[in-house]
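The file my_file_14.tsv contains TSV, C-alpha atoms and all ligand atoms:
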chain	number	residue	atom	x	y	z
R	1	MET	CA	-17.79	69.74	16.31
R	2	LYS	CA	-15.71	66.93	14.83
R	3	ILE	CA	-13.28	67.84	12.02
R	4	VAL	CA	-11.53	65.16	9.99
R	5	VAL	CA	-8.67	65.75	7.54
R	6	LEU	CA	-8.54	62.77	5.18
R	7	ASP	CA	-5.22	63.29	3.39
R	8	GLY	CA	-3.17	65.88	5.24
R	9	TYR	CA	0.36	64.72	4.46
R	10	THR	CA	1.05	66.51	1.19
R	11	GLU	CA	-0.31	69.79	2.59
R	12	ASN	CA	1.55	69.43	5.86
R	13	PRO	CA	4.33	66.83	5.94
R	14	GLY	CA	5.43	68.30	9.28
R	15	ASP	CA	6.60	71.82	8.50
R	16	LEU	CA	3.24	73.53	9.11
R	17	SER	CA	0.72	73.46	11.95
R	18	TRP	CA	-2.88	72.25	12.06
R	19	GLU	CA	-3.61	74.51	15.03
R	20	GLY	CA	-5.92	76.81	13.01
R	21	PHE	CA	-8.30	73.85	12.59
R	22	GLU	CA	-7.65	72.57	16.12
R	23	LYS	CA	-9.03	75.82	17.51
R	24	LEU	CA	-12.29	75.29	15.64
R	25	GLY	CA	-13.21	71.79	16.80
R	26	ASN	CA	-12.20	68.29	17.70
R	27	LEU	CA	-9.60	67.54	14.99
R	28	VAL	CA	-8.45	64.18	13.59
R	29	VAL	CA	-5.79	64.27	10.86
R	30	TYR	CA	-4.99	61.30	8.63
R	31	ASP	CA	-1.87	61.56	6.47
R	32	ARG	CA	-3.59	59.53	3.77
R	33	ILE	CA	-6.33	56.90	3.57
R	34	PRO	CA	-7.36	54.37	0.91
R	35	THR	CA	-9.65	56.20	-1.49
R	36	ASP	CA	-12.38	53.56	-1.98
R	37	ALA	CA	-15.81	54.63	-0.67
R	38	THR	CA	-15.90	52.05	2.14
R	39	SER	CA	-12.66	53.32	3.58
R	40	VAL	CA	-13.58	56.99	3.15
R	41	ILE	CA	-16.90	56.34	4.94
R	42	LYS	CA	-15.11	54.55	7.78
R	43	HIS	CA	-12.63	57.39	8.28
R	44	ILE	CA	-15.26	60.15	8.16
R	45	GLY	CA	-17.61	58.34	10.56
R	46	ASP	CA	-19.82	60.88	12.34
R	47	ALA	CA	-17.63	63.93	11.55
R	48	ASN	CA	-19.40	67.18	10.66
R	49	ILE	CA	-16.50	68.83	8.89
R	50	VAL	CA	-14.47	67.01	6.23
R	51	ILE	CA	-11.24	68.41	4.83
R	52	THR	CA	-9.93	66.75	1.68
R	53	ASN	CA	-7.26	67.45	-0.87
R	54	LYS	CA	-7.52	64.60	-3.40
R	55	THR	CA	-9.63	61.99	-1.53
R	56	PRO	CA	-12.95	61.63	-3.40
R	57	ILE	CA	-16.19	62.44	-1.57
R	58	SER	CA	-18.92	60.80	-3.61
R	59	ARG	CA	-22.70	60.77	-3.22
R	60	GLU	CA	-22.35	57.29	-1.71
R	61	VAL	CA	-20.01	58.68	0.95
R	62	MET	CA	-22.38	61.57	1.73
R	63	ASN	CA	-25.35	59.16	1.99
R	64	ALA	CA	-23.46	56.99	4.46
R	65	CYS	CA	-22.17	59.90	6.57
R	66	PRO	CA	-25.22	62.04	7.40
R	67	GLY	CA	-23.23	64.07	9.96
R	68	ILE	CA	-21.36	65.96	7.21
R	69	ARG	CA	-22.31	69.65	7.06
R	70	TYR	CA	-19.22	71.08	5.39
R	71	ILE	CA	-16.52	69.86	2.99
R	72	GLY	CA	-13.43	72.02	2.70
R	73	VAL	CA	-11.24	71.26	-0.29
R	74	LEU	CA	-7.56	71.94	0.40
R	75	ALA	CA	-6.96	72.88	-3.22
R	76	THR	CA	-8.28	74.99	-6.05
R	77	GLY	CA	-9.69	72.14	-8.15
R	78	TYR	CA	-12.72	70.55	-6.48
R	79	ASN	CA	-13.55	67.77	-8.93
R	80	VAL	CA	-12.97	65.22	-6.12
R	81	VAL	CA	-16.31	66.23	-4.55
R	82	ASP	CA	-19.71	65.41	-6.03
R	83	ILE	CA	-20.89	69.02	-5.89
R	84	ALA	CA	-24.42	68.26	-7.15
R	85	ALA	CA	-24.94	65.69	-4.40
R	86	ALA	CA	-23.56	68.06	-1.75
R	87	GLN	CA	-25.83	70.87	-2.93
R	88	GLU	CA	-28.91	68.61	-2.81
R	89	LYS	CA	-28.07	67.69	0.76
R	90	GLY	CA	-27.34	71.27	1.86
R	91	ILE	CA	-23.66	70.48	2.47
R	92	ILE	CA	-21.47	73.54	1.94
R	93	VAL	CA	-18.35	72.88	-0.18
R	94	THR	CA	-15.52	75.40	-0.33
R	95	ASN	CA	-12.21	75.59	-2.17
R	96	VAL	CA	-9.16	77.86	-2.09
R	97	PRO	CA	-9.25	79.74	-5.37
R	98	GLU	CA	-5.77	81.19	-5.24
R	99	TYR	CA	-2.70	80.38	-3.17
R	100	GLY	CA	0.03	79.19	-5.49
R	101	THR	CA	-0.04	81.34	-8.62
R	102	GLN	CA	3.48	82.71	-8.18
R	103	ALA	CA	4.87	79.32	-7.16
R	104	VAL	CA	3.50	77.61	-10.26
R	105	ALA	CA	4.71	80.41	-12.55
R	106	GLN	CA	8.17	80.21	-10.95
R	107	PHE	CA	8.19	76.45	-11.44
R	108	VAL	CA	7.45	76.81	-15.15
R	109	PHE	CA	10.72	78.72	-15.37
R	110	ALA	CA	12.54	76.24	-13.12
R	111	LEU	CA	11.65	73.57	-15.70
R	112	LEU	CA	12.39	75.78	-18.67
R	113	LEU	CA	15.75	76.92	-17.30
R	114	GLU	CA	16.71	73.31	-16.62
R	115	ILE	CA	15.97	72.57	-20.29
R	116	CYS	CA	18.02	75.62	-21.34
R	117	HIS	CA	21.09	74.90	-19.19
R	118	HIS	CA	20.87	71.43	-17.59
R	119	ALA	CA	22.48	72.93	-14.49
R	120	ALA	CA	21.99	69.77	-12.38
R	121	HIS	CA	23.57	67.55	-15.04
R	122	HIS	CA	26.59	69.82	-15.48
R	123	SER	CA	27.12	70.13	-11.73
R	124	ASN	CA	27.03	66.34	-11.37
R	125	ALA	CA	29.46	65.96	-14.30
R	126	VAL	CA	31.88	68.37	-12.64
R	127	LYS	CA	31.64	66.49	-9.34
R	128	ASN	CA	32.38	63.27	-11.24
R	129	GLY	CA	35.65	64.69	-12.58
R	130	GLU	CA	34.44	65.44	-16.11
R	131	TRP	CA	35.70	69.06	-16.21
R	132	LYS	CA	39.24	68.03	-15.41
R	133	ARG	CA	39.08	65.15	-17.92
R	134	ARG	CA	37.87	67.33	-20.81
R	135	GLY	CA	40.77	69.73	-20.50
R	136	ASP	CA	39.01	72.88	-21.76
R	137	PHE	CA	38.07	75.81	-19.58
R	138	CYS	CA	34.43	74.88	-20.13
R	139	PHE	CA	32.25	72.14	-21.61
R	140	TRP	CA	28.56	71.44	-22.12
R	141	ASP	CA	26.69	68.25	-22.95
R	142	TYR	CA	23.46	69.69	-24.33
R	143	PRO	CA	22.67	72.59	-26.63
R	144	LEU	CA	22.41	75.65	-24.38
R	145	ILE	CA	19.43	77.88	-25.09
R	146	GLU	CA	18.94	81.64	-24.64
R	147	LEU	CA	15.33	82.58	-23.92
R	148	ALA	CA	15.50	86.27	-24.92
R	149	GLY	CA	13.91	86.72	-28.33
R	150	LYS	CA	12.11	83.36	-28.22
R	151	THR	CA	8.33	83.20	-28.42
R	152	MET	CA	6.34	81.75	-25.53
R	153	GLY	CA	2.84	80.53	-26.34
R	154	ILE	CA	0.51	80.39	-23.33
R	155	ILE	CA	-2.66	78.33	-23.55
R	156	GLY	CA	-5.09	79.47	-20.82
R	157	PHE	CA	-4.49	83.08	-19.82
R	158	GLY	CA	-5.91	83.02	-16.29
R	159	ARG	CA	-4.05	83.75	-13.05
R	160	ILE	CA	-1.10	81.43	-13.67
R	161	GLY	CA	-0.92	82.05	-17.42
R	162	GLN	CA	-0.69	85.80	-16.78
R	163	ALA	CA	1.99	85.35	-14.10
R	164	VAL	CA	3.99	83.21	-16.53
R	165	ALA	CA	3.61	85.91	-19.20
R	166	LYS	CA	5.09	88.55	-16.86
R	167	LEU	CA	8.13	86.36	-16.22
R	168	ALA	CA	8.49	85.57	-19.91
R	169	ILE	CA	8.47	89.29	-20.74
R	170	ALA	CA	11.09	89.89	-18.04
R	171	PHE	CA	13.26	87.29	-19.82
R	172	GLY	CA	12.92	89.25	-23.05
R	173	MET	CA	10.55	86.79	-24.66
R	174	LYS	CA	7.63	87.55	-26.95
R	175	VAL	CA	4.31	86.27	-25.62
R	176	LEU	CA	1.44	84.82	-27.60
R	177	ALA	CA	-1.67	83.87	-25.65
R	178	TYR	CA	-4.84	81.93	-26.28
R	179	ASP	CA	-7.87	81.87	-24.00
R	180	THR	CA	-11.53	81.14	-24.57
R	181	LYS	CA	-12.67	83.99	-22.29
R	182	GLN	CA	-13.02	87.21	-24.27
R	183	ASP	CA	-12.67	89.69	-21.37
R	184	VAL	CA	-9.29	88.22	-20.48
R	185	ILE	CA	-8.13	88.79	-24.01
R	186	HIS	CA	-8.69	92.54	-24.23
R	187	ASN	CA	-6.97	93.78	-21.10
R	188	HIS	CA	-3.26	93.15	-21.50
R	189	GLU	CA	-0.38	95.11	-22.95
R	190	ASN	CA	2.66	93.49	-24.57
R	191	ILE	CA	0.75	90.29	-25.22
R	192	GLN	CA	-0.51	89.24	-28.57
R	193	PHE	CA	-3.72	87.24	-28.47
R	194	VAL	CA	-3.90	84.74	-31.29
R	195	SER	CA	-5.87	81.74	-32.47
R	196	LEU	CA	-4.77	78.37	-31.19
R	197	ASP	CA	-3.45	77.46	-34.64
R	198	ASP	CA	-1.35	80.65	-34.80
R	199	LEU	CA	-0.03	79.96	-31.32
R	200	TYR	CA	1.00	76.45	-32.39
R	201	LYS	CA	2.60	77.75	-35.59
R	202	ASN	CA	4.65	80.56	-34.05
R	203	SER	CA	5.70	79.47	-30.54
R	204	ASP	CA	9.17	78.19	-29.66
R	205	ILE	CA	7.88	77.17	-26.24
R	206	ILE	CA	4.30	76.24	-25.34
R	207	SER	CA	3.15	76.34	-21.73
R	208	LEU	CA	-0.23	74.89	-20.71
R	209	HIS	CA	-2.38	76.76	-18.17
R	210	CYS	CA	-5.98	75.95	-19.04
R	211	PRO	CA	-8.00	73.77	-16.65
R	212	LEU	CA	-8.86	70.17	-17.44
R	213	PHE	CA	-12.34	70.13	-18.97
R	214	PRO	CA	-13.86	67.62	-21.40
R	215	SER	CA	-13.09	70.28	-24.05
R	216	THR	CA	-9.41	70.54	-23.11
R	217	GLN	CA	-8.67	66.87	-22.47
R	218	GLY	CA	-6.08	65.70	-25.00
R	219	ILE	CA	-5.67	69.19	-26.49
R	220	ILE	CA	-2.00	68.36	-27.12
R	221	ASN	CA	-2.12	65.40	-29.46
R	222	LYS	CA	-0.67	64.13	-32.73
R	223	LYS	CA	-2.71	66.64	-34.77
R	224	SER	CA	-1.95	69.73	-32.70
R	225	ILE	CA	1.73	68.79	-32.39
R	226	ALA	CA	1.93	68.54	-36.20
R	227	LYS	CA	0.92	72.23	-36.34
R	228	MET	CA	3.78	73.29	-34.05
R	229	LYS	CA	7.27	74.51	-34.99
R	230	ASP	CA	9.88	71.81	-35.45
R	231	GLY	CA	11.84	71.53	-32.23
R	232	VAL	CA	9.16	73.15	-30.05
R	233	ILE	CA	9.46	72.83	-26.26
R	234	ILE	CA	6.30	71.91	-24.32
R	235	VAL	CA	5.81	72.60	-20.60
R	236	ASN	CA	2.79	71.27	-18.70
R	237	THR	CA	2.19	72.33	-15.11
R	238	SER	CA	-1.60	72.23	-15.42
R	239	ARG	CA	-3.13	68.76	-15.67
R	240	GLY	CA	-1.70	65.58	-17.15
R	241	LEU	CA	-4.75	64.67	-19.21
R	242	LEU	CA	-4.33	67.80	-21.35
R	243	ILE	CA	-1.68	65.81	-23.22
R	244	VAL	CA	-2.06	62.52	-25.11
R	245	GLU	CA	1.09	61.10	-23.59
R	246	GLU	CA	1.71	58.46	-26.28
R	247	ASP	CA	1.62	61.21	-28.94
R	248	LEU	CA	4.05	63.37	-26.99
R	249	LYS	CA	6.41	60.42	-26.63
R	250	ASP	CA	6.33	59.83	-30.42
R	251	ALA	CA	7.06	63.53	-31.02
R	252	LEU	CA	9.98	63.48	-28.58
R	253	ILE	CA	11.40	60.40	-30.32
R	254	SER	CA	11.09	62.00	-33.76
R	255	GLY	CA	12.50	65.32	-32.49
R	256	LYS	CA	9.41	67.27	-33.59
R	257	VAL	CA	9.24	68.25	-29.93
R	258	SER	CA	12.83	68.87	-28.87
R	259	TYR	CA	12.18	68.83	-25.14
R	260	ALA	CA	9.27	68.62	-22.74
R	261	ALA	CA	8.76	69.13	-19.03
R	262	VAL	CA	5.69	67.94	-17.16
R	263	ASP	CA	4.79	68.35	-13.50
R	264	VAL	CA	1.54	66.46	-13.97
R	265	VAL	CA	0.66	63.19	-15.70
R	266	SER	CA	-2.51	61.34	-16.69
R	267	LYS	CA	-2.57	59.22	-13.51
R	268	GLU	CA	-0.84	60.25	-10.30
R	269	PRO	CA	1.29	58.89	-8.83
R	270	ILE	CA	2.75	57.95	-12.22
R	271	GLU	CA	2.20	54.36	-13.36
R	272	GLU	CA	5.07	52.16	-14.52
R	273	GLU	CA	3.58	51.86	-17.99
R	274	ASN	CA	3.23	55.64	-18.51
R	275	PRO	CA	4.80	56.21	-21.97
R	276	LEU	CA	6.54	59.38	-20.83
R	277	LEU	CA	8.78	57.40	-18.47
R	278	SER	CA	10.54	55.87	-21.47
R	279	ALA	CA	10.48	58.97	-23.69
R	280	PRO	CA	13.71	60.85	-24.44
R	281	ASN	CA	14.32	64.51	-23.59
R	282	ILE	CA	11.68	64.98	-20.95
R	283	ILE	CA	11.73	66.20	-17.37
R	284	ILE	CA	9.01	64.72	-15.16
R	285	THR	CA	8.41	66.12	-11.67
R	286	PRO	CA	5.93	64.75	-9.10
R	287	HIS	CA	3.24	67.49	-9.10
R	288	ILE	CA	5.26	69.89	-6.96
R	289	ALA	CA	4.66	73.26	-8.62
R	290	TRP	CA	2.11	74.21	-5.92
R	291	ALA	CA	4.11	72.98	-2.98
R	292	PRO	CA	6.63	75.54	-1.64
R	293	LYS	CA	6.02	76.02	2.07
R	294	GLU	CA	4.89	79.61	1.50
R	295	SER	CA	2.10	78.44	-0.84
R	296	ARG	CA	1.03	75.59	1.43
R	297	LYS	CA	0.89	77.99	4.41
R	298	ARG	CA	-1.32	80.34	2.39
R	299	LEU	CA	-3.50	77.36	1.45
R	300	MET	CA	-3.80	76.26	5.10
R	301	ASP	CA	-4.64	79.80	6.29
R	302	MET	CA	-7.29	80.21	3.59
R	303	ALA	CA	-8.83	76.81	4.33
R	304	VAL	CA	-9.07	77.73	8.04
R	305	ALA	CA	-10.60	81.11	7.11
R	306	ASN	CA	-13.14	79.28	4.93
R	307	LEU	CA	-14.17	77.05	7.83
R	308	GLU	CA	-14.31	79.98	10.26
R	309	ALA	CA	-16.57	81.87	7.88
R	310	PHE	CA	-18.84	78.81	7.61
R	311	ILE	CA	-19.03	78.51	11.41
R	312	ASN	CA	-19.94	82.21	11.58
R	313	ASN	CA	-22.80	81.60	9.14
R	314	SER	CA	-21.23	83.67	6.37
R	315	PRO	CA	-19.49	81.09	4.18
R	316	ILE	CA	-16.95	82.23	1.61
R	317	ASN	CA	-15.40	80.53	-1.42
R	318	VAL	CA	-18.44	78.29	-1.75
R	319	VAL	CA	-18.39	76.21	-4.92
R	320	LYS	CA	-21.57	75.33	-6.73
R	321	VAL	CA	-22.58	73.24	-9.71
S	401	LIG	P1	-7.64	80.23	-13.88
S	401	LIG	O1	-9.04	79.76	-13.75
S	401	LIG	O2	-7.27	81.54	-13.28
S	401	LIG	O3	-7.22	80.26	-15.42
S	401	LIG	C1	-7.57	79.29	-16.36
S	401	LIG	C2	-7.79	80.00	-17.69
S	401	LIG	O4	-7.97	79.00	-18.69
S	401	LIG	C3	-9.03	80.91	-17.71
S	401	LIG	O5	-8.70	82.21	-18.16
S	401	LIG	C4	-9.96	80.22	-18.70
S	401	LIG	O6	-10.77	81.12	-19.44
S	401	LIG	C5	-8.96	79.50	-19.59
S	401	LIG	N1	-9.55	78.43	-20.37
S	401	LIG	C6	-10.62	77.65	-20.09
S	401	LIG	N2	-10.85	76.79	-21.10
S	401	LIG	C7	-9.91	77.04	-22.04
S	401	LIG	C8	-9.61	76.47	-23.30
S	401	LIG	N3	-10.35	75.50	-23.82
S	401	LIG	N4	-8.56	76.97	-23.99
S	401	LIG	C9	-7.81	77.98	-23.48
S	401	LIG	N5	-8.05	78.55	-22.29
S	401	LIG	C10	-9.08	78.08	-21.59
S	401	LIG	O7	-6.73	79.06	-13.28
S	401	LIG	P2	-5.22	79.18	-12.76
S	401	LIG	O8	-5.22	79.52	-11.31
S	401	LIG	O9	-4.45	79.99	-13.72
S	401	LIG	O10	-4.78	77.64	-12.85
S	401	LIG	C11	-4.67	76.99	-14.12
S	401	LIG	C12	-4.52	75.49	-13.92
S	401	LIG	O11	-3.27	75.22	-13.29
S	401	LIG	C13	-5.53	74.85	-12.96
S	401	LIG	O12	-6.72	74.52	-13.64
S	401	LIG	C14	-4.82	73.62	-12.47
S	401	LIG	O13	-5.15	72.55	-13.33
S	401	LIG	C15	-3.35	73.95	-12.65
S	401	LIG	N6	-2.59	74.01	-11.38
S	401	LIG	C16	-1.53	73.18	-11.23
S	401	LIG	C17	-0.77	73.22	-10.07
S	401	LIG	C18	0.44	72.33	-9.88
S	401	LIG	O14	0.90	72.16	-8.73
S	401	LIG	N7	1.03	71.77	-10.92
S	401	LIG	C19	-1.12	74.13	-9.05
S	401	LIG	C20	-2.21	74.98	-9.24
S	401	LIG	C21	-2.95	74.91	-10.43

Once more with this new file: its structure as structure tokens, please.
Amino acid sequence: MKIVVLDGYTENPGDLSWEGFEKLGNLVVYDRIPTDATSVIKHIGDANIVITNKTPISREVMNACPGIRYIGVLATGYNVVDIAAAQEKGIIVTNVPEYGTQAVAQFVFALLLEICHHAAHHSNAVKNGEWKRRGDFCFWDYPLIELAGKTMGIIGFGRIGQAVAKLAIAFGMKVLAYDTKQDVIHNHENIQFVSLDDLYKNSDIISLHCPLFPSTQGIINKKSIAKMKDGVIIVNTSRGLLIVEEDLKDALISGKVSYAAVDVVSKEPIEEENPLLSAPNIIITPHIAWAPKESRKRLMDMAVANLEAFINNSPINVVKV
């Protein structure tokens, strides 16, 4: 059985092993390939098993590669695969529903704590001689912020949203949450579930954890920002298109939003003309919340387990339309 990994580099830049897949077939790993259909078709060739993270597998690709029996997505989100086409052709598609919840929640606080303390900036200033020059026993270049007593608004109270809430409570914060799923809403202590408008009105910090759907695209825009507290902080580790980036830039310039931190942007890698690159008071990281080695190892192990289960005729984590 021929297994091809189309874009293995971000999952395994060299600190993990592909041996789990190697044991299951004849493995070819590409670090990355061009994502146009012609190139994807060429690289898949007659493979039966395709492993992809962000390389799109369209109907056209499936038509041109009739050997494909299984597509394993090395991620939670599987929008890169045409699931309807796969289902019609009897191709099994799997994903890894959970591997990085704690890592993403931790990263939300890495971003938030950087906004609160600017530790990297102050360390660099000290190394550049600034402490000595200022003459006082301490100095700071930004307002320093204490999180205890602040209100954290969480939009999307699924796995990551709930993990973020636990950390927020540990920091002494109040938590407001909004989710469209009713059963999520009723089962949590210490969390106040509110309408989206109340969350906007009362949160000092807003953290986004809902998936990107047509209904959530652009949820943070000029209108919703106008409903927020003056000086609100916005953190986005979910998907870039949840935010209308031009509107966030305007709000950062006016100070309506005092600070923002985003791990995801509308088009990745970021384009030169992305408005956030020239916005003030924003931290932008290159989609790394998921990527500690521990999370990637969990992702690799789960993806291998998915393929093993498929080979044993009892597929797990199958995604459907
Ligand atoms: P999840 O499915 O467990 O939770 C998502 C929650 O959002 C669900 O409770 C759902 O009901 C809710 N939701 C759906 N539509 C909503 C809406 N319109 N308004 C409010 N809530 C809504 O997913 P998760 O594991 O918590 O992951 C959340 C998101 O985080 C993913 O969709 C993905 O985009 C993102 N993510 C980012 C990284 C990264 O590296 N930056 C890594 C993993 C996941």

With region 205-217 of chain R as the partner and 9 Å as the cut-off, tabulate the residues of region 74-143 of chain R that qualify, each row holding the nearest pair of atoms and their distance in Å to one decimal, using all atoms listed in the file, sorted by chain and rising number, as CSV.
residue,atom,partner,partner_atom,distance
R:Gly77,CA,R:Pro211,CA,8.8
R:Val108,CA,R:Ser207,CA,7.9
R:Leu112,CA,R:Ile205,CA,8.9

Test item: residues lying within 7 Å of ligand LIG 401 (chain S) with only C-alpha atoms and all ligand atoms, as a PyMOL selection string: chain R and resi 76-77+98+100-101+104+155-161+178-181+184+209-212+215-216+237-239+263-264+287-291

Counting only C-alpha atoms, figure out which residue out of R:Glu272, R:Ala110, R:Asp141, R:Leu199 gets nearest to Asn124 (chain R).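 Closest to Asn124 (chain R), using only C-alpha atoms: R:Asp141.
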
Any idea what's packed within 7 Å of Val81 (chain R), counting only C-alpha atoms, ignoring anything in its chain fewer than 5 positions away? Could you give it as a PyMOL selection string? chain R and resi 56-58

Close residues, Tyr30 (chain R) itself excluded, 12 Å, only C-alpha atoms, min 3 positions apart in chain, as a PDB file with C-alpha atoms, keeping the file's coordinate frame:
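Everything below was put into part-v4.pdb:
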ATOM      1  CA  ILE R   3     -13.280  67.840  12.020  1.00  0.00           C
ATOM      2  CA  VAL R   4     -11.530  65.160   9.990  1.00  0.00           C
ATOM      3  CA  VAL R   5      -8.670  65.750   7.540  1.00  0.00           C
ATOM      4  CA  LEU R   6      -8.540  62.770   5.180  1.00  0.00           C
ATOM      5  CA  ASP R   7      -5.220  63.290   3.390  1.00  0.00           C
ATOM      6  CA  GLY R   8      -3.170  65.880   5.240  1.00  0.00           C
ATOM      7  CA  TYR R   9       0.360  64.720   4.460  1.00  0.00           C
ATOM      8  CA  THR R  10       1.050  66.510   1.190  1.00  0.00           C
ATOM      9  CA  GLU R  11      -0.310  69.790   2.590  1.00  0.00           C
ATOM     10  CA  ASN R  12       1.550  69.430   5.860  1.00  0.00           C
ATOM     11  CA  PRO R  13       4.330  66.830   5.940  1.00  0.00           C
ATOM     12  CA  TRP R  18      -2.880  72.250  12.060  1.00  0.00           C
ATOM     13  CA  LEU R  27      -9.600  67.540  14.990  1.00  0.00           C
ATOM     14  CA  ILE R  33      -6.330  56.900   3.570  1.00  0.00           C
ATOM     15  CA  PRO R  34      -7.360  54.370   0.910  1.00  0.00           C
ATOM     16  CA  VAL R  40     -13.580  56.990   3.150  1.00  0.00           C
ATOM     17  CA  HIS R  43     -12.630  57.390   8.280  1.00  0.00           C
ATOM     18  CA  ILE R  44     -15.260  60.150   8.160  1.00  0.00           C
ATOM     19  CA  VAL R  50     -14.470  67.010   6.230  1.00  0.00           C
ATOM     20  CA  ILE R  51     -11.240  68.410   4.830  1.00  0.00           C
ATOM     21  CA  THR R  52      -9.930  66.750   1.680  1.00  0.00           C
ATOM     22  CA  ASN R  53      -7.260  67.450  -0.870  1.00  0.00           C
ATOM     23  CA  THR R  55      -9.630  61.990  -1.530  1.00  0.00           C
TER      24      THR R  55
END

Edge lengths and centre, in Å to one decimal, as JSON: that's what I need for the box along x, y and z that holds all listed atoms of region 216-224 of chain R plus 4 Å on each side.
{"center_x": -5.0, "center_y": 67.3, "center_z": -28.6, "size_x": 16.7, "size_y": 14.4, "size_z": 20.3}

Report as a VMD selection string all protein, DNA and RNA residues lying within 9 Å of Leu276 (chain R), evaluated on all atoms listed in the file, omitting residues in the same chain fewer than 6 positions from it. chain R and resid 245 to 246 248 to 249 265 282 284

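Rounded to one decimal, CA of Tyr99 (chain R) and CA of Ala303 (chain R) lie 10.3 Å from each other.
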
Pick out the residues sitting within 8 Å of Ile243 (chain R), and hand them over as a list in words; count all atoms listed in the file, and ignore anything fewer than 2 positions along from it in its own chain.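 So, after excluding close chain neighbours, the residues are Gln217, Gly218, Ile219, Ile220, Asn221, Gly240, Leu241, Glu245, Leu248 and Ser266 of chain R.
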
Can you measure CA of Pro97 (chain R) to CA of Tyr78 (chain R) for me? One decimal in Å is fine.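 Distance reported for this atom pair: 9.9 Å.
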
Hey, can you check how far CA of Ser17 (chain R) sits from CA of Val304 (chain R)? 11.4 Å
